[in-house]
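J.: File final19.txt follows (compact mmCIF, C-alpha atoms):
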# COMPACT_ATOMS: atom_id res chain seq x y z
CA MET P 1409 -2.79 45.40 -86.21
CA GLU P 1410 -2.45 43.26 -89.32
CA LEU P 1411 -1.41 39.70 -88.51
CA PRO P 1412 0.93 37.81 -90.85
CA SER P 1413 -1.43 34.85 -91.28
CA ARG P 1414 -5.17 34.27 -91.58
CA LEU P 1415 -4.82 31.21 -89.33
CA ILE P 1416 -3.34 33.32 -86.53
CA GLU P 1417 -6.04 35.92 -87.18
CA ALA P 1418 -8.75 33.26 -86.76
CA ALA P 1419 -7.18 31.92 -83.56
CA VAL P 1420 -6.90 35.43 -82.12
CA ASP P 1421 -10.56 36.08 -83.03
CA GLN P 1422 -11.61 32.94 -81.18
CA MET P 1423 -9.48 33.69 -78.14
CA ALA P 1424 -10.77 37.27 -78.03
CA SER P 1425 -14.36 35.95 -78.05
CA LEU P 1426 -13.82 34.91 -74.42
CA PRO P 1427 -15.09 37.42 -71.85
CA GLY P 1428 -12.47 39.87 -70.60
CA ILE P 1429 -9.88 38.87 -73.22
CA GLY P 1430 -8.96 41.75 -75.54
CA ARG P 1431 -7.18 41.32 -78.86
CA LYS P 1432 -3.74 42.17 -77.45
CA THR P 1433 -4.08 39.59 -74.69
CA ALA P 1434 -5.52 37.11 -77.19
CA LEU P 1435 -2.44 37.51 -79.39
CA ARG P 1436 -0.16 36.92 -76.41
CA LEU P 1437 -2.02 33.71 -75.53
CA VAL P 1438 -2.08 32.50 -79.13
CA LEU P 1439 1.68 33.09 -79.52
CA ASN P 1440 2.19 31.00 -76.40
CA LEU P 1441 0.22 28.16 -78.04
CA LEU P 1442 2.38 28.48 -81.16
CA ARG P 1443 5.45 27.68 -79.06
CA ARG P 1444 3.94 24.34 -78.02
CA SER P 1445 4.11 21.01 -79.84
CA ASP P 1446 1.30 19.71 -82.06
CA GLU P 1447 0.35 17.19 -79.37
CA GLN P 1448 0.15 19.86 -76.70
CA VAL P 1449 -2.05 22.09 -78.85
CA ASN P 1450 -4.27 19.10 -79.69
CA SER P 1451 -4.69 18.33 -75.97
CA PHE P 1452 -5.48 21.98 -75.35
CA ALA P 1453 -8.12 22.12 -78.09
CA GLU P 1454 -9.66 18.71 -77.40
CA SER P 1455 -10.15 19.41 -73.70
CA PHE P 1456 -12.83 21.97 -74.60
CA GLN P 1457 -14.52 19.70 -77.16
CA LEU P 1458 -14.58 16.76 -74.74
CA MET P 1459 -15.98 18.99 -72.03
CA ARG P 1460 -18.69 20.40 -74.31
CA GLN P 1461 -19.73 16.91 -75.39
CA GLY P 1462 -19.57 15.31 -71.96
CA VAL P 1463 -20.92 17.94 -69.62
CA ARG P 1464 -24.61 18.78 -69.28
CA GLY P 1465 -26.91 20.54 -66.83
CA CYS P 1466 -28.28 18.44 -63.96
CA ALA P 1467 -31.90 17.52 -64.78
CA THR P 1468 -32.98 18.75 -61.34
CA CYS P 1469 -30.83 21.71 -60.30
CA HIS P 1470 -28.92 22.67 -63.50
CA ASN P 1471 -25.57 22.26 -61.78
CA LEU P 1472 -23.03 20.93 -64.29
CA THR P 1473 -22.60 17.16 -64.39
CA GLU P 1474 -21.48 14.30 -66.61
CA THR P 1475 -24.50 12.18 -65.59
CA GLU P 1476 -28.29 12.68 -65.55
CA GLU P 1477 -28.27 14.23 -62.08
CA CYS P 1478 -25.40 15.94 -60.30
CA SER P 1479 -23.52 14.48 -57.32
CA ILE P 1480 -25.29 16.85 -54.92
CA CYS P 1481 -28.81 15.97 -56.10
CA VAL P 1482 -28.16 12.22 -55.82
CA ASN P 1483 -26.55 12.53 -52.37
CA PRO P 1484 -29.16 11.29 -49.83
CA LEU P 1485 -27.33 13.16 -47.04
CA ARG P 1486 -28.17 16.55 -48.59
CA LYS P 1487 -31.53 17.96 -47.45
CA GLU P 1488 -33.93 17.86 -50.39
CA HIS P 1489 -36.28 20.43 -48.83
CA VAL P 1490 -33.68 23.22 -48.51
CA ILE P 1491 -32.77 24.79 -51.86
CA CYS P 1492 -30.11 27.46 -52.26
CA VAL P 1493 -30.64 29.55 -55.41
CA VAL P 1494 -27.41 30.72 -57.07
CA GLU P 1495 -26.54 32.57 -60.27
CA ASP P 1496 -23.99 30.12 -61.62
CA LEU P 1497 -21.58 27.29 -60.91
CA ARG P 1498 -18.91 29.56 -59.45
CA ASP P 1499 -21.24 30.76 -56.70
CA LEU P 1500 -22.25 27.15 -56.00
CA LEU P 1501 -18.56 26.20 -55.71
CA ALA P 1502 -17.89 29.12 -53.36
CA ILE P 1503 -20.66 27.95 -51.01
CA GLU P 1504 -19.61 24.31 -51.28
CA ALA P 1505 -16.06 25.34 -50.36
CA THR P 1506 -17.33 26.52 -46.95
CA GLY P 1507 -18.53 22.98 -46.20
CA GLN P 1508 -21.36 24.49 -44.14
CA PHE P 1509 -24.38 24.03 -46.36
CA GLN P 1510 -26.26 20.72 -46.15
CA GLY P 1511 -29.08 21.44 -48.57
CA ARG P 1512 -29.26 21.35 -52.36
CA TYR P 1513 -28.97 24.00 -55.05
CA HIS P 1514 -30.77 25.54 -57.95
CA VAL P 1515 -28.55 27.16 -60.58
CA LEU P 1516 -30.40 29.94 -62.44
CA GLY P 1517 -27.79 30.29 -65.18
CA GLY P 1518 -27.68 34.08 -64.82
CA VAL P 1519 -29.67 36.97 -63.34
CA ILE P 1520 -32.36 39.17 -64.87
CA SER P 1521 -30.62 42.00 -66.70
CA PRO P 1522 -32.63 44.14 -69.15
CA MET P 1523 -29.37 45.89 -70.07
CA GLU P 1524 -27.88 42.63 -71.33
CA GLY P 1525 -31.16 41.34 -72.70
CA VAL P 1526 -31.55 38.59 -70.10
CA GLY P 1527 -35.19 38.09 -69.12
CA PRO P 1528 -36.85 35.58 -66.76
CA ASN P 1529 -37.44 33.15 -69.64
CA ASP P 1530 -33.70 32.86 -70.23
CA LEU P 1531 -33.17 31.52 -66.70
CA ASN P 1532 -34.00 28.21 -65.00
CA ILE P 1533 -36.95 29.66 -63.12
CA GLU P 1534 -39.87 27.41 -64.12
CA SER P 1535 -38.07 24.34 -62.79
CA LEU P 1536 -37.40 26.18 -59.52
CA VAL P 1537 -41.12 26.97 -59.16
CA THR P 1538 -41.90 23.27 -59.72
CA ARG P 1539 -39.31 22.16 -57.14
CA ALA P 1540 -40.58 24.78 -54.66
CA ALA P 1541 -44.11 23.35 -54.92
CA THR P 1542 -42.85 19.85 -54.07
CA ILE P 1543 -40.89 20.94 -50.99
CA ALA P 1544 -43.63 23.28 -49.71
CA VAL P 1545 -45.30 20.29 -48.03
CA HIS P 1546 -42.23 19.84 -45.80
CA GLU P 1547 -42.49 21.75 -42.54
CA ASP P 1548 -38.83 22.86 -42.76
CA GLY P 1549 -38.99 23.61 -46.49
CA GLU P 1550 -36.91 26.66 -47.36
CA ILE P 1551 -35.67 28.53 -50.41
CA ILE P 1552 -32.46 30.52 -49.79
CA PHE P 1553 -31.50 33.28 -52.22
CA ALA P 1554 -27.71 33.46 -52.54
CA LEU P 1555 -27.76 36.00 -55.38
CA PRO P 1556 -25.31 38.80 -56.12
CA ALA P 1557 -25.77 42.02 -54.11
CA THR P 1558 -26.21 44.00 -57.32
CA MET P 1559 -29.19 45.68 -58.95
CA GLU P 1560 -29.62 42.63 -61.20
CA GLY P 1561 -29.34 40.22 -58.27
CA GLU P 1562 -31.92 42.14 -56.23
CA THR P 1563 -34.29 42.36 -59.20
CA THR P 1564 -34.02 38.62 -59.73
CA ALA P 1565 -34.63 37.91 -56.03
CA PHE P 1566 -37.73 40.12 -56.05
CA TYR P 1567 -39.07 38.44 -59.19
CA LEU P 1568 -38.47 34.97 -57.74
CA PHE P 1569 -40.05 35.93 -54.42
CA ARG P 1570 -43.30 36.89 -56.18
CA LYS P 1571 -43.25 33.65 -58.16
CA LEU P 1572 -42.65 31.54 -55.05
CA SER P 1573 -44.77 33.36 -52.49
CA SER P 1574 -47.96 31.49 -53.47
CA ASN P 1575 -46.44 28.42 -51.82
CA ASN P 1576 -46.58 28.40 -48.04
CA LEU P 1577 -42.81 28.26 -47.95
CA LYS P 1578 -40.03 29.99 -46.04
CA VAL P 1579 -38.01 32.20 -48.41
CA THR P 1580 -34.78 33.74 -47.11
CA SER P 1581 -31.76 35.61 -48.46
CA ILE P 1582 -28.16 35.41 -47.33
CA ALA P 1583 -27.23 38.38 -45.14
CA ARG P 1584 -25.80 41.62 -46.50
CA GLY P 1585 -23.39 43.25 -44.07
CA ILE P 1586 -19.85 44.05 -43.06
CA ALA P 1587 -17.47 41.45 -44.47
CA VAL P 1588 -15.42 39.56 -41.89
CA GLY P 1589 -12.17 41.43 -41.27
CA GLU P 1590 -13.53 44.67 -42.73
CA ASP P 1591 -13.42 48.11 -41.05
CA LEU P 1592 -16.72 49.96 -40.66
CA GLN P 1593 -15.15 53.15 -41.96
CA HIS P 1594 -14.30 51.47 -45.24
CA ALA P 1595 -17.72 49.88 -45.74
CA ASP P 1596 -20.02 51.65 -48.19
CA GLU P 1597 -23.14 53.33 -46.87
CA ALA P 1598 -25.65 50.90 -48.37
CA THR P 1599 -23.87 47.94 -46.78
CA LEU P 1600 -23.78 49.69 -43.41
CA VAL P 1601 -27.52 50.43 -43.60
CA GLN P 1602 -28.22 46.76 -44.42
CA SER P 1603 -25.99 45.55 -41.60
CA LEU P 1604 -27.91 47.75 -39.13
CA ARG P 1605 -31.33 46.66 -40.39
CA GLN P 1606 -30.33 42.99 -40.25
CA ARG P 1607 -28.84 43.23 -36.75
CA LEU P 1608 -29.06 40.07 -34.63
CA PRO P 1609 -29.28 39.32 -30.91
CA TYR P 1610 -25.72 39.30 -29.56
CA ASN P 1611 -25.15 35.79 -28.32
CA ASN P 1612 -21.50 34.89 -28.75
CA MET J 807 -12.17 24.28 -55.31
CA GLU J 808 -13.53 20.88 -56.32
CA LEU J 809 -15.17 20.94 -59.72
CA PRO J 810 -18.24 18.79 -60.42
CA SER J 811 -16.69 17.04 -63.45
CA ARG J 812 -13.29 15.74 -64.50
CA LEU J 813 -13.91 17.08 -67.99
CA ILE J 814 -14.39 20.61 -66.64
CA GLU J 815 -11.32 20.10 -64.46
CA ALA J 816 -9.24 19.14 -67.52
CA ALA J 817 -10.50 22.13 -69.52
CA VAL J 818 -9.74 24.50 -66.63
CA ASP J 819 -6.23 23.00 -66.34
CA GLN J 820 -5.61 23.63 -70.03
CA MET J 821 -6.98 27.17 -69.91
CA ALA J 822 -4.90 27.95 -66.81
CA SER J 823 -1.77 26.75 -68.64
CA LEU J 824 -1.90 29.99 -70.65
CA PRO J 825 0.33 32.78 -69.31
CA GLY J 826 -1.42 35.19 -66.94
CA ILE J 827 -4.58 33.07 -66.65
CA GLY J 828 -5.21 31.88 -63.08
CA ARG J 829 -7.58 29.07 -62.16
CA LYS J 830 -10.46 31.39 -61.24
CA THR J 831 -10.23 33.21 -64.55
CA ALA J 832 -9.84 29.88 -66.34
CA LEU J 833 -13.08 28.63 -64.78
CA ARG J 834 -14.89 31.79 -65.88
CA LEU J 835 -13.67 31.33 -69.46
CA VAL J 836 -14.51 27.62 -69.50
CA LEU J 837 -18.05 28.28 -68.20
CA ASN J 838 -18.47 30.76 -71.03
CA LEU J 839 -17.52 28.02 -73.51
CA LEU J 840 -20.05 25.68 -71.90
CA ARG J 841 -22.81 28.12 -72.79
CA ARG J 842 -21.94 27.85 -76.49
CA SER J 843 -23.16 25.29 -79.01
CA ASP J 844 -21.15 22.20 -79.99
CA GLU J 845 -20.34 23.84 -83.35
CA GLN J 846 -19.09 27.00 -81.71
CA VAL J 847 -16.84 25.08 -79.32
CA ASN J 848 -15.54 23.00 -82.23
CA SER J 849 -14.69 26.16 -84.17
CA PHE J 850 -12.99 27.55 -81.08
CA ALA J 851 -10.89 24.43 -80.54
CA GLU J 852 -10.07 23.80 -84.20
CA SER J 853 -8.82 27.34 -84.78
CA PHE J 854 -5.82 26.57 -82.55
CA GLN J 855 -5.13 23.20 -84.17
CA LEU J 856 -5.35 24.65 -87.69
CA MET J 857 -3.05 27.48 -86.67
CA ARG J 858 -0.50 25.12 -85.12
CA GLN J 859 -0.48 22.94 -88.23
CA GLY J 860 -0.45 25.76 -90.78
CA VAL J 861 1.85 28.37 -89.26
CA ARG J 862 5.63 28.12 -89.27
CA GLY J 863 8.63 30.40 -88.82
CA CYS J 864 9.87 32.25 -91.92
CA ALA J 865 13.01 30.48 -93.20
CA THR J 866 14.85 33.80 -93.30
CA CYS J 867 13.65 36.04 -90.47
CA HIS J 868 11.57 33.71 -88.24
CA ASN J 869 8.51 35.91 -88.52
CA LEU J 870 5.39 33.72 -88.52
CA THR J 871 4.08 32.73 -91.92
CA GLU J 872 1.99 30.10 -93.72
CA THR J 873 4.52 29.85 -96.54
CA GLU J 874 8.29 29.21 -96.79
CA GLU J 875 9.15 32.90 -96.41
CA CYS J 876 7.06 35.66 -94.86
CA SER J 877 5.37 38.44 -96.80
CA ILE J 878 7.98 40.98 -95.66
CA CYS J 879 10.97 38.87 -96.76
CA VAL J 880 9.50 38.28 -100.23
CA ASN J 881 8.56 41.94 -100.70
CA PRO J 882 11.15 43.44 -103.11
CA LEU J 883 10.26 46.97 -101.91
CA ARG J 884 11.63 46.24 -98.41
CA LYS J 885 15.35 46.98 -98.06
CA GLU J 886 17.19 43.69 -97.68
CA HIS J 887 20.29 45.33 -96.19
CA VAL J 888 18.50 46.93 -93.20
CA ILE J 889 17.52 44.39 -90.55
CA CYS J 890 15.53 45.30 -87.45
CA VAL J 891 16.08 42.78 -84.63
CA VAL J 892 13.00 42.21 -82.43
CA GLU J 893 12.13 39.90 -79.57
CA ASP J 894 8.90 38.50 -80.96
CA LEU J 895 6.03 38.93 -83.38
CA ARG J 896 4.23 41.48 -81.22
CA ASP J 897 7.15 43.89 -81.38
CA LEU J 898 7.37 43.37 -85.14
CA LEU J 899 3.66 44.17 -85.45
CA ALA J 900 4.06 47.30 -83.32
CA ILE J 901 6.80 48.61 -85.64
CA GLU J 902 4.86 47.62 -88.76
CA ALA J 903 1.85 49.52 -87.40
CA THR J 904 3.87 52.76 -87.60
CA GLY J 905 4.29 52.27 -91.36
CA GLN J 906 7.66 54.03 -91.10
CA PHE J 907 10.12 51.15 -91.41
CA GLN J 908 11.14 50.06 -94.91
CA GLY J 909 13.67 47.36 -94.01
CA ARG J 910 13.25 43.75 -92.97
CA TYR J 911 13.19 41.99 -89.62
CA HIS J 912 14.86 39.29 -87.61
CA VAL J 913 12.72 37.73 -84.89
CA LEU J 914 14.87 36.33 -82.06
CA GLY J 915 12.06 34.40 -80.42
CA GLY J 916 12.92 35.77 -76.97
CA VAL J 917 15.72 37.50 -75.10
CA ILE J 918 18.62 36.08 -73.09
CA SER J 919 17.35 35.46 -69.56
CA PRO J 920 19.42 33.32 -67.19
CA MET J 921 16.58 33.61 -64.65
CA GLU J 922 14.18 31.87 -67.03
CA GLY J 923 16.83 29.55 -68.43
CA VAL J 924 16.93 31.19 -71.86
CA GLY J 925 20.45 31.20 -73.32
CA PRO J 926 21.79 32.39 -76.69
CA ASN J 927 21.34 28.91 -78.16
CA ASP J 928 17.60 29.07 -77.56
CA LEU J 929 17.30 32.13 -79.79
CA ASN J 930 17.53 32.68 -83.56
CA ILE J 931 21.01 34.21 -83.33
CA GLU J 932 23.12 32.05 -85.67
CA SER J 933 20.84 32.85 -88.61
CA LEU J 934 21.14 36.57 -87.77
CA VAL J 935 24.94 36.34 -87.84
CA THR J 936 24.71 34.66 -91.25
CA ARG J 937 22.35 37.34 -92.59
CA ALA J 938 24.57 40.10 -91.16
CA ALA J 939 27.59 38.72 -93.06
CA THR J 940 25.65 38.85 -96.35
CA ILE J 941 24.50 42.47 -95.93
CA ALA J 942 27.89 43.70 -94.64
CA VAL J 943 29.02 44.12 -98.26
CA HIS J 944 26.29 46.73 -98.81
CA GLU J 945 27.50 50.27 -98.07
CA ASP J 946 24.22 51.15 -96.26
CA GLY J 947 24.01 47.82 -94.47
CA GLU J 948 22.60 48.25 -90.95
CA ILE J 949 21.41 46.14 -88.04
CA ILE J 950 18.90 47.95 -85.78
CA PHE J 951 18.27 46.60 -82.30
CA ALA J 952 14.62 47.15 -81.32
CA LEU J 953 14.86 45.14 -78.10
CA PRO J 954 13.05 45.72 -74.79
CA ALA J 955 14.58 48.37 -72.49
CA THR J 956 15.00 45.76 -69.75
CA MET J 957 18.04 44.04 -68.23
CA GLU J 958 17.37 41.03 -70.47
CA GLY J 959 16.97 43.21 -73.56
CA GLU J 960 20.21 45.09 -72.86
CA THR J 961 22.08 41.84 -72.19
CA THR J 962 20.84 40.42 -75.46
CA ALA J 963 21.81 43.57 -77.38
CA PHE J 964 25.32 43.48 -75.89
CA TYR J 965 25.72 39.79 -76.74
CA LEU J 966 24.53 40.37 -80.31
CA PHE J 967 26.78 43.41 -80.73
CA ARG J 968 29.85 41.34 -79.89
CA LYS J 969 28.73 38.60 -82.29
CA LEU J 970 28.12 41.10 -85.11
CA SER J 971 30.98 43.53 -84.59
CA SER J 972 33.45 41.44 -86.63
CA ASN J 973 31.49 42.48 -89.72
CA ASN J 974 32.19 46.00 -90.93
CA LEU J 975 28.53 46.85 -90.37
CA LYS J 976 26.59 49.72 -88.82
CA VAL J 977 24.83 48.51 -85.67
CA THR J 978 22.28 50.83 -84.03
CA SER J 979 19.65 50.70 -81.32
CA ILE J 980 16.30 52.46 -81.18
CA ALA J 981 16.45 55.52 -78.88
CA ARG J 982 15.64 55.39 -75.17
CA GLY J 983 14.08 58.62 -73.93
CA ILE J 984 11.04 60.53 -72.83
CA ALA J 985 7.92 59.04 -74.38
CA VAL J 986 5.88 61.40 -76.54
CA GLY J 987 3.29 63.15 -74.34
CA GLU J 988 5.18 62.36 -71.13
CA ASP J 989 6.13 64.88 -68.41
CA LEU J 990 9.81 65.05 -67.44
CA GLN J 991 8.91 65.00 -63.75
CA HIS J 992 7.19 61.64 -64.16
CA ALA J 993 9.99 60.01 -66.14
CA ASP J 994 12.28 57.68 -64.19
CA GLU J 995 15.88 58.70 -63.62
CA ALA J 996 17.47 56.12 -65.93
CA THR J 997 15.28 57.21 -68.83
CA LEU J 998 16.10 60.86 -68.20
CA VAL J 999 19.86 60.09 -68.17
CA GLN J 1000 19.52 58.20 -71.47
CA SER J 1001 17.49 61.02 -73.04
CA LEU J 1002 20.24 63.51 -72.09
CA ARG J 1003 23.04 61.31 -73.39
CA GLN J 1004 21.22 60.67 -76.66
CA ARG J 1005 20.38 64.36 -77.25
CA LEU J 1006 20.13 65.45 -80.86
CA PRO J 1007 20.74 68.70 -82.73
CA TYR J 1008 17.50 70.72 -82.48
CA ASN J 1009 16.30 71.05 -86.02
CA ASN J 1010 12.54 71.13 -86.06
Transcribe the structure of this file into structure tokens.

T.:
Amino acid sequence: MELPSRLIEAAVDQMASLPGIGRKTALRLVLNLLRRSDEQVNSFAESFQLMRQGVRGCATCHNLTETEECSICVNPLRKEHVICVVEDLRDLLAIEATGQFQGRYHVLGGVISPMEGVGPNDLNIESLVTRAATIAVHEDGEIIFALPATMEGETTAFYLFRKLSSNNLKVTSIARGIAVGEDLQHADEATLVQSLRQRLPYNN
Amino acid sequence: MELPSRLIEAAVDQMASLPGIGRKTALRLVLNLLRRSDEQVNSFAESFQLMRQGVRGCATCHNLTETEECSICVNPLRKEHVICVVEDLRDLLAIEATGQFQGRYHVLGGVISPMEGVGPNDLNIESLVTRAATIAVHEDGEIIFALPATMEGETTAFYLFRKLSSNNLKVTSIARGIAVGEDLQHADEATLVQSLRQRLPYNN
């Protein structure tokens, strides 16, 4: 597909550099931008530059923030000794949306994936080990793994567990099991096995 | 979903303003940008601004171009008296990719759609009528409709046909029929009817 202008070509290249956006979709999006006014396109473009310049990782938990520490880390009502380990901001937001978690977070920035060339050194693991050591003195100190239920997520959890086990600290993982509203017959076998193994006393 | 920064919020809003991009997808794309360097994000953003400033509609056919007229309109090898009418640049590119069309184009910039509030005055129709009048003197002058096979496309073709019929000019439409490689049993009824009506002498 030869585009009629190098400028459109460059814009399509940039749009197609986003994950999950192919060149056909990129062209559709770019043509939509071409129908907007100069001011609208400037606002579009500048929003990403302003974000890149103004947003950084929280010095403690690597959540995204515009200040030194994120709003969760500076909130005295959130339990400092309970740390939920997540892959990225979207998982943090999903847990926050439940309104049920009173602890703090640690954002790894990814999961270990040899296939994609992501090793432990590419993730925010050292700072988690340091934080774990400081909360180990607390009798209710706990690290909760809320990592994806994939091969990469499990590998990462296992790696972290070995790193953290030297501390005398409770390490847990969120439950794997039948999703609420799901039929057993439609659940995959591995999930069903996990849900049986992690069965709980019936107390409702 | 409450985001941890107004700057991220603004970037997600802008990304989600693109057609077919929901807020969840927008957040995924924006987080990808946040993992890039300042220079990379600047290149990303500036590509759209440079495009908006440098690209305009061709004065003759409304194809996109960086100059007064597009490369097809200034190409003396392309037949000036055969004009293929398309909805937008993507359809033009699809036809160009076949390498089989030797005429020129007219890009409408949309199709008539009362549902979406697009009327004839929103499209590049007057300039097509003017061009049609100039090629009507040519004995092989022809206007080819290559418009979508939708209600809106058909409406637009009918409207254009009435506008153009005062000229003594051949007006054609690309064929509707069974797509190459398609089974008859999987074709919809309307397509099958059209393919029967538009049957051709067998001469292969």

J.: Which residue, J:Met821, J:Ala985, J:Ile889, J:Val917, has the smallest gap to Phe964 in chain J when you use all atoms listed in the file?

T.: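 Answer, going by the shortest atom-to-atom distance: J:Val917.
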
J.: As a list of chain:residue names, could you give me every residue of chain P near chain J (at most 7 Å apart, counting only C-alpha atoms)?

T.: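 Result, ordered by chain then number: P:Met1409, P:Pro1412, P:Ser1413, P:Leu1415, P:Ile1416, P:Ala1418, P:Ala1419, P:Gln1422, P:Leu1426, P:Pro1427, P:Leu1437, P:Leu1442, P:Asp1446, P:Val1449, P:Asn1450, P:Phe1452, P:Ala1453, P:Glu1454, P:Ser1455, P:Phe1456, P:Gln1457, P:Leu1458, P:Met1459, P:Arg1460, P:Leu1472, P:Thr1473, P:Glu1474, P:Leu1501, P:Ala1505.
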
J.: Write a file of the just-selected residues containing C-alpha atoms, as a tab-separated table (two decimals), keeping the file's coordinate frame.

T.:
chain	number	residue	atom	x	y	z
P	1409	MET	CA	-2.79	45.40	-86.21
P	1412	PRO	CA	0.93	37.81	-90.85
P	1413	SER	CA	-1.43	34.85	-91.28
P	1415	LEU	CA	-4.82	31.21	-89.33
P	1416	ILE	CA	-3.34	33.32	-86.53
P	1418	ALA	CA	-8.75	33.26	-86.76
P	1419	ALA	CA	-7.18	31.92	-83.56
P	1422	GLN	CA	-11.61	32.94	-81.18
P	1426	LEU	CA	-13.82	34.91	-74.42
P	1427	PRO	CA	-15.09	37.42	-71.85
P	1437	LEU	CA	-2.02	33.71	-75.53
P	1442	LEU	CA	2.38	28.48	-81.16
P	1446	ASP	CA	1.30	19.71	-82.06
P	1449	VAL	CA	-2.05	22.09	-78.85
P	1450	ASN	CA	-4.27	19.10	-79.69
P	1452	PHE	CA	-5.48	21.98	-75.35
P	1453	ALA	CA	-8.12	22.12	-78.09
P	1454	GLU	CA	-9.66	18.71	-77.40
P	1455	SER	CA	-10.15	19.41	-73.70
P	1456	PHE	CA	-12.83	21.97	-74.60
P	1457	GLN	CA	-14.52	19.70	-77.16
P	1458	LEU	CA	-14.58	16.76	-74.74
P	1459	MET	CA	-15.98	18.99	-72.03
P	1460	ARG	CA	-18.69	20.40	-74.31
P	1472	LEU	CA	-23.03	20.93	-64.29
P	1473	THR	CA	-22.60	17.16	-64.39
P	1474	GLU	CA	-21.48	14.30	-66.61
P	1501	LEU	CA	-18.56	26.20	-55.71
P	1505	ALA	CA	-16.06	25.34	-50.36

J.: Could you give me, as a list in words, the residues that have an atom at most 9 Å away from the point (18.9, 45.1, -78.5) in the coordinates of the file, using all atoms listed in the file?

T.: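 In the file's frame, the residues around the point are Val891, Val892, Glu893, Val917, Ile950, Phe951, Ala952, Leu953, Pro954, Ala955, Gly959, Glu960, Thr961, Thr962, Ala963, Phe964, Tyr965, Leu966, Phe967, Thr978, Ser979 and Ile980 of chain J.
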
J.: So which residues touch Leu975 in chain J within 7 Å, counting all atoms listed in the file, skipping near sequence neighbours fewer than 2 positions away, as a list in words?

T.: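 My list of contacting residues is Ala942, Gly947, Glu948, Asn973 and Val977 of chain J.
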
J.: Output C-alpha atoms for every residue in that selection, as a PDB file, keeping the file's coordinate frame.

T.:
ATOM      1  CA  ALA J 942      27.890  43.700 -94.640  1.00  0.00           C
ATOM      2  CA  GLY J 947      24.010  47.820 -94.470  1.00  0.00           C
ATOM      3  CA  GLU J 948      22.600  48.250 -90.950  1.00  0.00           C
ATOM      4  CA  ASN J 973      31.490  42.480 -89.720  1.00  0.00           C
ATOM      5  CA  VAL J 977      24.830  48.510 -85.670  1.00  0.00           C
TER       6      VAL J 977
END

J.: Which residue out of P:Ile1551, P:Val1537, P:Ile1503, P:Met1559 has the minimum interatomic distance to Ile1520 in chain P when all atoms listed in the file are used?

T.: P:Met1559

J.: Considering all atoms listed in the file, state which residue in the set P:Cys1466, P:Thr1538, P:Tyr1610, P:Val1526 is at the smallest distance from Tyr1513 in chain P.

T.: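 Selected residue with least distance to Tyr1513 in chain P: P:Cys1466.
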
J.: For Leu1600 in chain P, find every residue with an atom within 12 Å (counting all atoms listed in the file), except residues of its own chain fewer than 3 positions away, and show them as an MDAnalysis selection string.

T.: chainID P and resid 1583:1587 1590:1597 1603:1607

J.: Could you state the separation of CA of Glu1547 in chain P and CA of Thr1506 in chain P in Å, given to one decimal place?

T.: 26.0 Å

J.: Please measure the separation of CA of Glu875 in chain J and CA of Asn974 in chain J, giving the value in Å to one decimal.

T.: 27.1 Å

J.: Smallest atom-to-atom distance to Thr1542 in chain P: which of P:Asp1530, P:Asp1499, P:Glu1488, P:Glu1524, using all atoms listed in the file?

T.: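 Using all atoms listed in the file, the shortest distance to Thr1542 in chain P belongs to P:Glu1488.
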
J.: For CA of Phe907 in chain J and CA of Gly1430 in chain P, quote the distance in Å rounded to one decimal.

T.: 26.5 Å
